[in-house]
>>> print(open('my_file_8.csv').read())   # CSV, C-alpha atoms
chain,number,residue,atom,x,y,z
A,1,MET,CA,0.6,59.7,-83.4
A,2,GLU,CA,3.0,57.9,-81.0
A,3,ASN,CA,2.0,60.0,-78.0
A,4,GLN,CA,-1.7,59.1,-78.4
A,5,ILE,CA,-3.6,56.0,-77.2
A,6,ASN,CA,-6.9,54.9,-78.8
A,7,VAL,CA,-8.9,53.0,-76.2
A,8,ILE,CA,-11.5,50.7,-77.8
A,9,GLY,CA,-14.6,49.9,-75.8
A,10,LEU,CA,-15.9,52.4,-73.2
A,11,GLY,CA,-17.7,50.1,-70.8
A,12,TYR,CA,-16.9,49.1,-67.2
A,13,ILE,CA,-13.3,48.3,-68.0
A,14,GLY,CA,-12.3,50.5,-70.9
A,15,LEU,CA,-13.7,53.8,-69.7
A,16,PRO,CA,-12.0,53.9,-66.2
A,17,THR,CA,-8.7,52.8,-67.9
A,18,ALA,CA,-9.0,55.6,-70.5
A,19,LEU,CA,-9.8,58.2,-67.9
A,20,MET,CA,-6.8,57.1,-65.7
A,21,PHE,CA,-4.4,57.5,-68.6
A,22,ALA,CA,-5.9,60.9,-69.5
A,23,LYS,CA,-5.7,62.1,-65.9
A,24,ASN,CA,-2.0,61.4,-66.0
A,25,GLY,CA,-1.4,63.6,-69.1
A,26,ILE,CA,-1.6,61.1,-71.9
A,27,LYS,CA,-3.5,62.0,-75.0
A,28,ILE,CA,-6.5,59.6,-75.1
A,29,VAL,CA,-9.2,59.1,-77.7
A,30,GLY,CA,-12.0,56.7,-76.6
A,31,THR,CA,-13.8,54.8,-79.3
A,32,ASP,CA,-17.1,52.8,-79.0
A,33,ASN,CA,-19.6,51.8,-81.6
A,34,ASN,CA,-22.5,52.8,-79.3
A,35,THR,CA,-23.4,56.2,-80.6
A,36,ASN,CA,-25.6,57.0,-77.5
A,37,LEU,CA,-22.7,56.2,-75.2
A,38,VAL,CA,-20.2,58.3,-77.1
A,39,ASN,CA,-22.7,61.2,-77.2
A,40,SER,CA,-23.3,61.0,-73.5
A,41,LEU,CA,-19.6,61.0,-72.7
A,42,THR,CA,-18.9,63.9,-75.1
A,43,GLU,CA,-21.7,65.9,-73.4
A,44,GLY,CA,-20.0,65.2,-70.0
A,45,ARG,CA,-22.4,62.6,-68.7
A,46,LEU,CA,-21.3,59.2,-67.3
A,47,THR,CA,-23.4,56.1,-68.0
A,48,PHE,CA,-22.7,54.2,-64.8
A,49,GLU,CA,-21.9,55.0,-61.2
A,50,GLU,CA,-18.6,54.2,-59.5
A,51,LYS,CA,-16.9,55.6,-56.5
A,52,GLY,CA,-14.5,58.3,-57.6
A,53,LEU,CA,-15.4,58.0,-61.3
A,54,GLU,CA,-17.0,61.4,-61.6
A,55,ASP,CA,-14.0,63.2,-60.3
A,56,LEU,CA,-11.7,61.2,-62.5
A,57,PHE,CA,-14.0,61.9,-65.5
A,58,GLN,CA,-13.8,65.7,-64.9
A,59,GLU,CA,-10.0,65.5,-64.6
A,60,ALA,CA,-9.8,63.6,-67.9
A,61,LEU,CA,-12.1,66.1,-69.6
A,62,SER,CA,-9.9,68.9,-68.5
A,63,ASN,CA,-6.9,67.1,-70.0
A,64,GLY,CA,-8.6,66.9,-73.4
A,65,ILE,CA,-9.9,63.3,-73.6
A,66,GLU,CA,-12.1,62.8,-76.6
A,67,PHE,CA,-14.8,60.3,-77.5
A,68,THR,CA,-15.8,59.1,-80.9
A,69,THR,CA,-17.2,56.1,-82.9
A,70,GLU,CA,-14.2,56.3,-85.2
A,71,TYR,CA,-11.0,54.3,-84.8
A,72,GLN,CA,-7.9,56.5,-84.8
A,73,LYS,CA,-4.8,56.4,-86.9
A,74,THR,CA,-2.2,56.1,-84.1
A,75,HIS,CA,0.6,54.0,-82.7
A,76,THR,CA,-1.0,52.4,-79.5
A,77,TYR,CA,-4.4,50.8,-79.0
A,78,ILE,CA,-6.0,49.3,-75.9
A,79,LEU,CA,-8.9,46.9,-76.6
A,80,ALA,CA,-11.4,46.5,-73.7
A,81,VAL,CA,-14.3,45.0,-75.6
A,82,PRO,CA,-16.8,42.4,-74.2
A,83,THR,CA,-15.7,38.7,-74.3
A,84,PRO,CA,-18.9,36.5,-73.7
A,85,TYR,CA,-18.9,32.8,-73.8
A,86,ILE,CA,-21.0,30.5,-76.1
A,87,GLN,CA,-23.8,28.9,-74.0
A,88,GLU,CA,-23.7,25.6,-75.7
A,89,SER,CA,-20.0,24.9,-75.9
A,90,LYS,CA,-18.9,27.1,-72.9
A,91,LYS,CA,-16.1,28.4,-75.2
A,92,LEU,CA,-15.1,32.0,-75.5
A,93,ASP,CA,-16.9,33.9,-78.2
A,94,PRO,CA,-14.1,36.1,-79.7
A,95,LYS,CA,-16.2,38.0,-82.3
A,96,TYR,CA,-15.9,41.4,-80.6
A,97,VAL,CA,-12.1,41.1,-80.1
A,98,ILE,CA,-11.7,40.0,-83.7
A,99,SER,CA,-13.9,42.8,-85.0
A,100,ALA,CA,-12.0,45.4,-83.0
A,101,VAL,CA,-8.6,44.1,-84.1
A,102,ASN,CA,-9.6,44.2,-87.7
A,103,SER,CA,-10.9,47.8,-87.3
A,104,VAL,CA,-7.5,48.7,-85.8
A,105,LEU,CA,-5.6,47.0,-88.7
A,106,ASP,CA,-7.6,49.1,-91.2
A,107,VAL,CA,-6.2,52.4,-89.8
A,108,CYS,CA,-3.1,51.8,-87.6
A,109,GLU,CA,0.4,53.0,-88.3
A,110,LYS,CA,3.3,50.6,-89.1
A,111,GLY,CA,4.8,49.3,-85.9
A,112,ALA,CA,1.6,49.8,-84.0
A,113,ILE,CA,1.1,48.3,-80.5
A,114,ILE,CA,-2.2,46.5,-79.9
A,115,ILE,CA,-2.9,45.8,-76.2
A,116,ILE,CA,-5.8,43.5,-75.4
A,117,GLU,CA,-7.2,44.1,-71.9
A,118,SER,CA,-10.3,42.0,-72.3
A,119,THR,CA,-10.3,38.8,-70.4
A,120,ILE,CA,-9.7,36.0,-73.0
A,121,SER,CA,-9.3,32.2,-72.8
A,122,PRO,CA,-5.8,30.8,-72.9
A,123,GLY,CA,-4.6,30.5,-76.6
A,124,THR,CA,-7.1,33.1,-77.9
A,125,ILE,CA,-4.5,35.3,-79.4
A,126,ASP,CA,-2.8,32.4,-81.1
A,127,LYS,CA,-6.0,30.9,-82.4
A,128,TYR,CA,-8.0,34.0,-83.4
A,129,ILE,CA,-5.9,37.2,-83.4
A,130,ARG,CA,-2.6,36.2,-85.1
A,131,PRO,CA,-4.4,34.7,-88.2
A,132,GLU,CA,-6.4,37.9,-88.7
A,133,ILE,CA,-3.2,40.0,-88.6
A,134,LYS,CA,-1.4,37.6,-91.0
A,135,LYS,CA,-4.4,37.6,-93.3
A,136,LYS,CA,-4.1,41.3,-93.8
A,137,GLY,CA,-0.4,40.9,-94.8
A,138,TYR,CA,1.1,42.3,-91.6
A,139,VAL,CA,4.3,40.9,-90.0
A,140,ILE,CA,3.8,40.3,-86.3
A,141,GLY,CA,6.8,41.8,-84.4
A,142,ASP,CA,7.5,44.2,-87.2
A,143,ASP,CA,4.3,45.8,-88.5
A,144,ILE,CA,2.3,44.9,-85.5
A,145,HIS,CA,3.2,44.3,-81.8
A,146,LEU,CA,0.7,42.2,-79.9
A,147,LEU,CA,0.3,42.3,-76.1
A,148,HIS,CA,-2.2,41.1,-73.5
A,149,ALA,CA,-2.6,43.2,-70.3
A,150,PRO,CA,-5.7,41.7,-68.6
A,151,GLU,CA,-7.7,44.0,-66.4
A,152,ARG,CA,-7.7,43.3,-62.7
A,153,ILE,CA,-10.4,45.5,-61.2
A,154,ILE,CA,-13.8,45.0,-59.5
A,155,PRO,CA,-16.8,47.3,-59.8
A,156,GLY,CA,-17.3,49.3,-56.6
A,157,ASN,CA,-13.6,49.8,-56.2
A,158,MET,CA,-12.3,50.3,-59.7
A,159,ILE,CA,-10.3,53.5,-59.3
A,160,TYR,CA,-8.4,52.3,-56.2
A,161,GLU,CA,-7.6,49.0,-57.9
A,162,LEU,CA,-6.5,50.5,-61.1
A,163,GLU,CA,-3.8,52.3,-59.1
A,164,HIS,CA,-3.0,49.7,-56.5
A,165,ASN,CA,-3.5,46.2,-58.0
A,166,SER,CA,-0.5,44.5,-59.6
A,167,ARG,CA,-0.7,44.1,-63.4
A,168,THR,CA,0.5,41.5,-65.9
A,169,ILE,CA,1.9,42.4,-69.3
A,170,GLY,CA,2.1,39.5,-71.8
A,171,ALA,CA,4.2,40.2,-74.9
A,172,ASP,CA,6.0,38.4,-77.7
A,173,ASP,CA,8.9,40.8,-77.4
A,174,LEU,CA,9.9,41.5,-73.8
A,175,GLU,CA,11.5,44.8,-74.9
A,176,ILE,CA,8.1,45.9,-76.1
A,177,GLY,CA,6.6,44.5,-72.9
A,178,GLU,CA,8.9,46.7,-70.9
A,179,LYS,CA,7.8,49.7,-73.0
A,180,VAL,CA,4.1,49.0,-72.3
A,181,LYS,CA,5.0,48.4,-68.6
A,182,GLY,CA,6.3,52.0,-68.6
A,183,LEU,CA,3.0,53.2,-70.1
A,184,TYR,CA,1.0,51.6,-67.3
A,185,SER,CA,3.4,52.8,-64.7
A,186,ASN,CA,1.9,56.3,-65.3
A,187,PHE,CA,-0.9,55.3,-62.9
A,188,CYS,CA,-0.2,51.8,-61.6
A,189,LYS,CA,1.6,52.0,-58.3
A,190,SER,CA,1.9,48.3,-57.7
A,191,GLU,CA,4.1,45.6,-59.3
A,192,ILE,CA,3.9,45.1,-63.0
A,193,VAL,CA,5.0,41.7,-64.3
A,194,VAL,CA,6.2,41.2,-67.9
A,195,THR,CA,5.7,37.6,-69.2
A,196,ASP,CA,4.7,35.8,-72.4
A,197,ILE,CA,1.2,36.2,-73.8
A,198,ARG,CA,-0.1,32.7,-73.1
A,199,SER,CA,0.9,32.9,-69.4
A,200,ALA,CA,-0.9,36.3,-69.2
A,201,GLU,CA,-4.0,34.8,-70.7
A,202,MET,CA,-4.0,31.9,-68.4
A,203,SER,CA,-3.2,33.8,-65.2
A,204,LYS,CA,-6.3,36.0,-65.4
A,205,VAL,CA,-8.6,33.1,-66.0
A,206,VAL,CA,-7.0,31.2,-63.2
A,207,GLU,CA,-7.5,34.1,-60.7
A,208,ASN,CA,-11.2,34.2,-61.3
A,209,THR,CA,-11.5,30.4,-61.4
A,210,TYR,CA,-9.8,30.1,-58.0
A,211,ARG,CA,-12.4,32.4,-56.5
A,212,ASP,CA,-15.2,30.6,-58.1
A,213,ILE,CA,-14.1,27.3,-56.6
A,214,ASN,CA,-13.7,28.8,-53.1
A,215,ILE,CA,-17.2,30.3,-53.3
A,216,ALA,CA,-18.6,26.9,-54.4
A,217,PHE,CA,-17.1,25.3,-51.3
A,218,ALA,CA,-18.9,27.8,-49.1
A,219,ASN,CA,-22.1,27.3,-51.0
A,220,GLU,CA,-21.9,23.5,-50.7
A,221,LEU,CA,-21.3,23.9,-47.0
A,222,ALA,CA,-24.5,25.9,-46.9
A,223,LYS,CA,-26.5,23.2,-48.5
A,224,ILE,CA,-25.0,20.5,-46.2
A,225,SER,CA,-25.7,22.6,-43.2
A,226,ARG,CA,-29.3,23.2,-44.3
A,227,THR,CA,-30.1,19.5,-44.5
A,228,ASP,CA,-29.0,19.0,-40.9
A,229,ASN,CA,-30.3,22.3,-39.5
A,230,LEU,CA,-26.8,23.7,-38.8
A,231,ASP,CA,-25.7,27.3,-38.9
A,232,VAL,CA,-23.2,27.5,-41.8
A,233,TYR,CA,-22.1,31.0,-40.8
A,234,GLU,CA,-21.2,29.9,-37.3
A,235,ILE,CA,-19.3,26.9,-38.7
A,236,ILE,CA,-17.4,29.0,-41.1
A,237,LYS,CA,-16.6,31.6,-38.4
A,238,ILE,CA,-15.1,28.9,-36.2
A,239,ALA,CA,-13.2,27.2,-39.0
A,240,ASN,CA,-11.7,30.4,-40.1
A,241,LYS,CA,-10.0,30.9,-36.7
A,242,HIS,CA,-7.5,28.3,-37.9
A,243,PRO,CA,-4.5,30.2,-39.2
A,244,ARG,CA,-4.5,28.3,-42.6
A,245,VAL,CA,-8.2,28.3,-43.3
A,246,ASN,CA,-10.1,31.1,-45.1
A,247,ILE,CA,-13.5,30.0,-46.2
A,248,LEU,CA,-15.5,32.6,-48.1
A,249,GLN,CA,-19.2,33.3,-47.3
A,250,PRO,CA,-22.0,31.5,-49.1
A,251,GLY,CA,-24.5,33.4,-51.2
A,252,PRO,CA,-27.5,33.2,-53.6
A,253,GLY,CA,-25.2,32.6,-56.6
A,254,VAL,CA,-22.3,34.1,-58.5
A,255,GLY,CA,-22.8,36.9,-61.0
A,256,GLY,CA,-20.9,39.6,-62.8
A,257,HIS,CA,-18.9,39.3,-66.0
A,258,CYS,CA,-15.8,37.7,-64.5
A,259,ILE,CA,-16.2,35.0,-61.9
A,260,SER,CA,-19.4,33.6,-63.4
A,261,VAL,CA,-18.0,33.5,-66.9
A,262,ASP,CA,-14.2,33.0,-67.0
A,263,PRO,CA,-14.1,29.5,-65.5
A,264,TRP,CA,-16.3,28.3,-68.4
A,265,PHE,CA,-13.4,29.2,-70.8
A,266,LEU,CA,-11.3,26.5,-69.2
A,267,VAL,CA,-14.2,24.0,-69.1
A,268,GLY,CA,-14.9,24.7,-72.8
A,269,ASP,CA,-11.2,24.4,-73.9
A,270,TYR,CA,-10.2,21.5,-71.5
A,271,PRO,CA,-13.4,19.5,-71.0
A,272,ASP,CA,-11.6,16.3,-69.9
A,273,LEU,CA,-9.3,18.0,-67.4
A,274,THR,CA,-11.6,20.4,-65.6
A,275,ASN,CA,-13.7,18.2,-63.3
A,276,LEU,CA,-13.3,20.4,-60.2
A,277,ILE,CA,-13.8,23.6,-62.1
A,278,LEU,CA,-17.0,22.2,-63.8
A,279,THR,CA,-18.4,21.0,-60.4
A,280,ALA,CA,-17.8,24.4,-58.8
A,281,ARG,CA,-19.6,26.1,-61.7
A,282,LYS,CA,-22.5,23.7,-61.3
A,283,ILE,CA,-22.7,24.3,-57.6
A,284,ASN,CA,-22.7,28.1,-57.9
A,285,ASP,CA,-25.2,28.0,-60.8
A,286,SER,CA,-27.5,25.9,-58.6
A,287,MET,CA,-27.7,28.5,-55.8
A,288,PRO,CA,-30.6,30.5,-57.3
A,289,ARG,CA,-32.6,27.2,-57.4
A,290,HIS,CA,-31.6,26.6,-53.7
A,291,VAL,CA,-32.9,30.1,-52.8
A,292,LEU,CA,-36.1,29.2,-54.7
A,293,GLY,CA,-36.4,26.1,-52.5
A,294,ARG,CA,-36.0,28.2,-49.3
A,295,ILE,CA,-38.7,30.6,-50.5
A,296,ARG,CA,-41.0,27.6,-51.0
A,297,ASP,CA,-40.2,26.4,-47.5
A,298,ILE,CA,-41.1,29.7,-46.0
A,299,MET,CA,-44.3,30.0,-48.0
A,300,ARG,CA,-45.4,26.6,-46.8
A,301,GLU,CA,-44.5,27.2,-43.2
A,302,HIS,CA,-46.6,30.4,-43.2
A,303,ASP,CA,-49.4,29.1,-45.5
A,304,ILE,CA,-48.6,31.8,-48.1
A,305,LYS,CA,-49.8,30.7,-51.5
A,306,ASP,CA,-49.5,33.9,-53.5
A,307,ILE,CA,-46.0,34.2,-55.1
A,308,THR,CA,-46.7,37.9,-55.8
A,309,ARG,CA,-46.3,38.5,-52.0
A,310,VAL,CA,-42.6,37.7,-52.4
A,311,GLY,CA,-40.1,40.5,-53.0
A,312,LEU,CA,-36.5,40.2,-54.1
A,313,TYR,CA,-34.2,43.0,-52.8
A,314,GLY,CA,-31.3,43.6,-55.1
A,315,LEU,CA,-30.9,43.3,-58.9
A,316,THR,CA,-27.2,43.8,-59.2
A,317,TYR,CA,-24.6,41.1,-59.0
A,318,LYS,CA,-22.8,42.5,-55.9
A,319,GLU,CA,-23.3,45.2,-53.2
A,320,ASN,CA,-23.1,48.9,-53.9
A,321,VAL,CA,-22.7,48.8,-57.7
A,322,ASP,CA,-25.3,49.3,-60.4
A,323,ASP,CA,-24.0,46.4,-62.6
A,324,SER,CA,-26.6,43.6,-63.0
A,325,ARG,CA,-24.8,41.5,-65.5
A,326,GLU,CA,-25.3,37.7,-64.8
A,327,SER,CA,-26.7,38.6,-61.4
A,328,PRO,CA,-28.1,35.9,-59.1
A,329,THR,CA,-31.4,37.7,-59.0
A,330,LEU,CA,-31.8,37.5,-62.8
A,331,GLN,CA,-30.9,33.9,-62.6
A,332,LEU,CA,-33.5,33.3,-59.9
A,333,LEU,CA,-36.2,35.1,-61.9
A,334,GLU,CA,-35.3,32.8,-64.8
A,335,ARG,CA,-35.8,29.7,-62.6
A,336,MET,CA,-39.1,31.1,-61.3
A,337,ASP,CA,-40.2,31.6,-64.9
A,338,GLU,CA,-39.4,28.0,-65.7
A,339,HIS,CA,-41.7,27.0,-62.8
A,340,LEU,CA,-44.5,29.4,-63.9
A,341,ALA,CA,-44.0,31.5,-60.8
A,342,PHE,CA,-44.9,34.9,-62.1
A,343,GLY,CA,-45.4,38.2,-60.4
A,344,VAL,CA,-42.6,38.3,-57.8
A,345,LYS,CA,-41.7,41.9,-56.9
A,346,VAL,CA,-38.2,43.3,-57.3
A,347,PHE,CA,-36.4,46.4,-56.0
A,348,ASP,CA,-32.9,47.7,-56.2
A,349,PRO,CA,-32.0,51.3,-55.1
A,350,LEU,CA,-29.0,51.5,-57.5
A,351,VAL,CA,-30.9,50.4,-60.6
A,352,LYS,CA,-32.6,53.4,-62.0
A,353,THR,CA,-34.2,51.9,-65.1
A,354,ARG,CA,-36.9,49.2,-65.2
A,355,ASN,CA,-35.1,46.1,-66.3
A,356,VAL,CA,-37.6,43.4,-65.2
A,357,ASP,CA,-41.3,42.9,-64.7
A,358,HIS,CA,-42.8,44.1,-61.4
A,359,GLN,CA,-39.7,46.2,-60.6
A,360,PHE,CA,-40.4,48.9,-58.0
A,361,MET,CA,-38.6,52.2,-57.9
A,362,ASN,CA,-39.7,53.2,-54.4
A,363,PHE,CA,-38.6,51.1,-51.4
A,364,GLU,CA,-41.6,51.7,-49.2
A,365,ASP,CA,-44.1,51.0,-52.0
A,366,PHE,CA,-42.2,47.7,-52.6
A,367,LEU,CA,-42.4,46.7,-48.9
A,368,ASN,CA,-46.1,47.5,-48.8
A,369,GLU,CA,-46.8,44.9,-51.5
A,370,ILE,CA,-44.9,41.9,-50.0
A,371,GLU,CA,-44.9,39.6,-47.0
A,372,ILE,CA,-41.6,37.7,-47.7
A,373,LEU,CA,-38.5,39.8,-48.3
A,374,VAL,CA,-35.5,38.0,-49.9
A,375,ILE,CA,-32.2,39.9,-49.5
A,376,MET,CA,-30.2,39.0,-52.6
A,377,VAL,CA,-27.7,41.8,-52.4
A,378,GLY,CA,-26.2,43.4,-49.3
A,379,HIS,CA,-26.3,47.1,-50.4
A,380,ASP,CA,-25.5,49.7,-47.7
A,381,HIS,CA,-29.1,50.9,-48.4
A,382,ILE,CA,-30.7,47.8,-46.8
A,383,LYS,CA,-28.2,47.7,-44.0
A,384,ASN,CA,-29.3,51.3,-43.1
A,385,ASN,CA,-33.0,50.4,-43.3
A,386,MET,CA,-33.2,47.4,-41.0
A,387,ASP,CA,-36.0,49.0,-39.0
A,388,LEU,CA,-38.3,49.0,-42.0
A,389,ILE,CA,-38.0,45.3,-42.7
A,390,LYS,CA,-38.4,43.8,-39.1
A,391,ASP,CA,-42.1,43.1,-39.6
A,392,LYS,CA,-41.4,41.0,-42.8
A,393,LEU,CA,-40.6,37.4,-43.2
A,394,VAL,CA,-36.9,37.8,-44.2
A,395,LEU,CA,-34.8,35.4,-46.1
A,396,ASP,CA,-31.3,36.8,-45.6
A,397,THR,CA,-29.0,35.2,-48.2
A,398,LYS,CA,-26.2,37.6,-47.4
A,399,ASN,CA,-26.2,37.2,-43.5
A,400,ILE,CA,-26.4,40.9,-42.9
A,401,CYS,CA,-29.5,41.3,-40.7
A,402,VAL,CA,-28.8,42.6,-37.3
A,403,PHE,CA,-32.1,41.6,-35.7
A,404,GLU,CA,-33.3,38.2,-34.5
A,405,GLY,CA,-35.4,36.0,-36.7
A,406,PRO,CA,-34.4,36.1,-40.4
A,407,TYR,CA,-34.3,32.9,-42.3
A,408,LYS,CA,-30.8,32.0,-43.7
A,409,LEU,CA,-29.6,30.0,-46.7
>>> encode(input="my_file_8.csv", output="structure tokens")
Amino acid sequence: MENQINVIGLGYIGLPTALMFAKNGIKIVGTDNNTNLVNSLTEGRLTFEEKGLEDLFQEALSNGIEFTTEYQKTHTYILAVPTPYIQESKKLDPKYVISAVNSVLDVCEKGAIIIIESTISPGTIDKYIRPEIKKKGYVIGDDIHLLHAPERIIPGNMIYELEHNSRTIGADDLEIGEKVKGLYSNFCKSEIVVTDIRSAEMSKVVENTYRDINIAFANELAKISRTDNLDVYEIIKIANKHPRVNILQPGPGVGGHCISVDPWFLVGDYPDLTNLILTARKINDSMPRHVLGRIRDIMREHDIKDITRVGLYGLTYKENVDDSRESPTLQLLERMDEHLAFGVKVFDPLVKTRNVDHQFMNFEDFLNEIEILVIMVGHDHIKNNMDLIKDKLVLDTKNICVFEGPYKL
């Protein structure tokens, strides 16, 4: 079915992409091996919150989008499956992409187009995907057309960025690349660049690595400033007045499934050439430990010996989203566990399920149990409730407090 797209993987990337295509009149079947997820979507229930997603979902449903656990026999596939990295080697773990490709090869039509949207390390398609296709006896460029169109969106602003961020299409055959460009032009209003596959692979990883390095510089400045009792935020504000300086803000760590993961792909593949990238990763990974040190300082200063009087506000990896993957708070809890510091309280207004021990579901109950409040995430919720936290000892790792007195990084 040449006019139908089978989108594989219905998570934070695949689902919005599938819905956007469906909204624009393209026949979409979404496939995921998570039966509960498929059932929920079929019944009209989303599994995560995102600005504008519900409206987009309803439009897609009215245009006939379908959800199933079965791969479809069709002509075009978009793969948006997870791409974790291996902790020990820091290399990409390609098992989900390989599995998805093989499942597609079992059912696809001759001449099928397979588009991988998942972020992958440079050379992944050459090393892992082409051999799988050849192993099944297919001729690449004839029986199967391979492309890489890395996603470029951020939770909290997905719908806008799907439409307005530029895209990259990596293809063996530029003519096929132009055809896929036309497909994405159904909803992408920005520039779409067609290039080769390896350049597309590298460009996405480089984008997130660039941001990771810049965040690491801000975090290192925060550590330097702390040792000499300087205000890092004032320093950055002044420095950024220079027309060619744009220092980011420091924070309690780097989370999410992009910036905290993708640079490791380069470190794993090019260990002798990634000194700066590795250092940046180490700096950002060290920030939860730095926050732990600041908590210790505050407890000592106020003679507080009970760690259960400490509360962490925010469980997600960034403000105003419900995604807690690789979040700095989870990293901090792991550091505390290593130091036998049990019982710290946790609250996040956007996380509706209990994911960690001592997690509160009511903000006022949470505040009643703590003396030290550590703001790990700058949700609008906390910004709108400053009056409720003025009587606490506040460690403001996001520099959002509008009253005098909070401790800073």
>>> closest_residue(input="my_file_8.csv", among="A:Leu79, A:Ala239, A:Ile26, A:Val321", to="A:Leu350", atoms="all atoms listed in the file")
A:Val321
>>> residues_near_point(input="my_file_8.csv", point="(-32.5, 38.1, -56.6)", cutoff="8 Å", atoms="only C-alpha atoms", output="list of chain:residue names")
A:Pro252, A:Pro288, A:Leu312, A:Tyr313, A:Gly314, A:Leu315, A:Ser327, A:Pro328, A:Thr329, A:Leu330, A:Gln331, A:Leu332, A:Leu333, A:Val346, A:Val374, A:Ile375, A:Met376, A:Val377
>>> residues_near_point(input="my_file_8.csv", point="(-29.0, 39.9, -41.7)", cutoff="10 Å", atoms="only C-alpha atoms", output="PDB file with C-alpha atoms, keeping the file's coordinate frame")
ATOM      1  CA  ILE A 375     -32.200  39.900 -49.500  1.00  0.00           C
ATOM      2  CA  GLY A 378     -26.200  43.400 -49.300  1.00  0.00           C
ATOM      3  CA  ILE A 382     -30.700  47.800 -46.800  1.00  0.00           C
ATOM      4  CA  LYS A 383     -28.200  47.700 -44.000  1.00  0.00           C
ATOM      5  CA  MET A 386     -33.200  47.400 -41.000  1.00  0.00           C
ATOM      6  CA  VAL A 394     -36.900  37.800 -44.200  1.00  0.00           C
ATOM      7  CA  LEU A 395     -34.800  35.400 -46.100  1.00  0.00           C
ATOM      8  CA  ASP A 396     -31.300  36.800 -45.600  1.00  0.00           C
ATOM      9  CA  THR A 397     -29.000  35.200 -48.200  1.00  0.00           C
ATOM     10  CA  LYS A 398     -26.200  37.600 -47.400  1.00  0.00           C
ATOM     11  CA  ASN A 399     -26.200  37.200 -43.500  1.00  0.00           C
ATOM     12  CA  ILE A 400     -26.400  40.900 -42.900  1.00  0.00           C
ATOM     13  CA  CYS A 401     -29.500  41.300 -40.700  1.00  0.00           C
ATOM     14  CA  VAL A 402     -28.800  42.600 -37.300  1.00  0.00           C
ATOM     15  CA  PHE A 403     -32.100  41.600 -35.700  1.00  0.00           C
ATOM     16  CA  GLU A 404     -33.300  38.200 -34.500  1.00  0.00           C
ATOM     17  CA  GLY A 405     -35.400  36.000 -36.700  1.00  0.00           C
ATOM     18  CA  PRO A 406     -34.400  36.100 -40.400  1.00  0.00           C
ATOM     19  CA  TYR A 407     -34.300  32.900 -42.300  1.00  0.00           C
ATOM     20  CA  LYS A 408     -30.800  32.000 -43.700  1.00  0.00           C
TER      21      LYS A 408
END
>>> closest_residue(input="my_file_8.csv", among="A:Ser225, A:Asn320, A:Thr119, A:Gln58", to="A:Ser203", atoms="only C-alpha atoms")
A:Thr119
>>> closest_residue(input="my_file_8.csv", among="A:Asp357, A:Asp285, A:Glu334, A:Glu178", to="A:Asn219", atoms="all atoms listed in the file")
A:Asp285
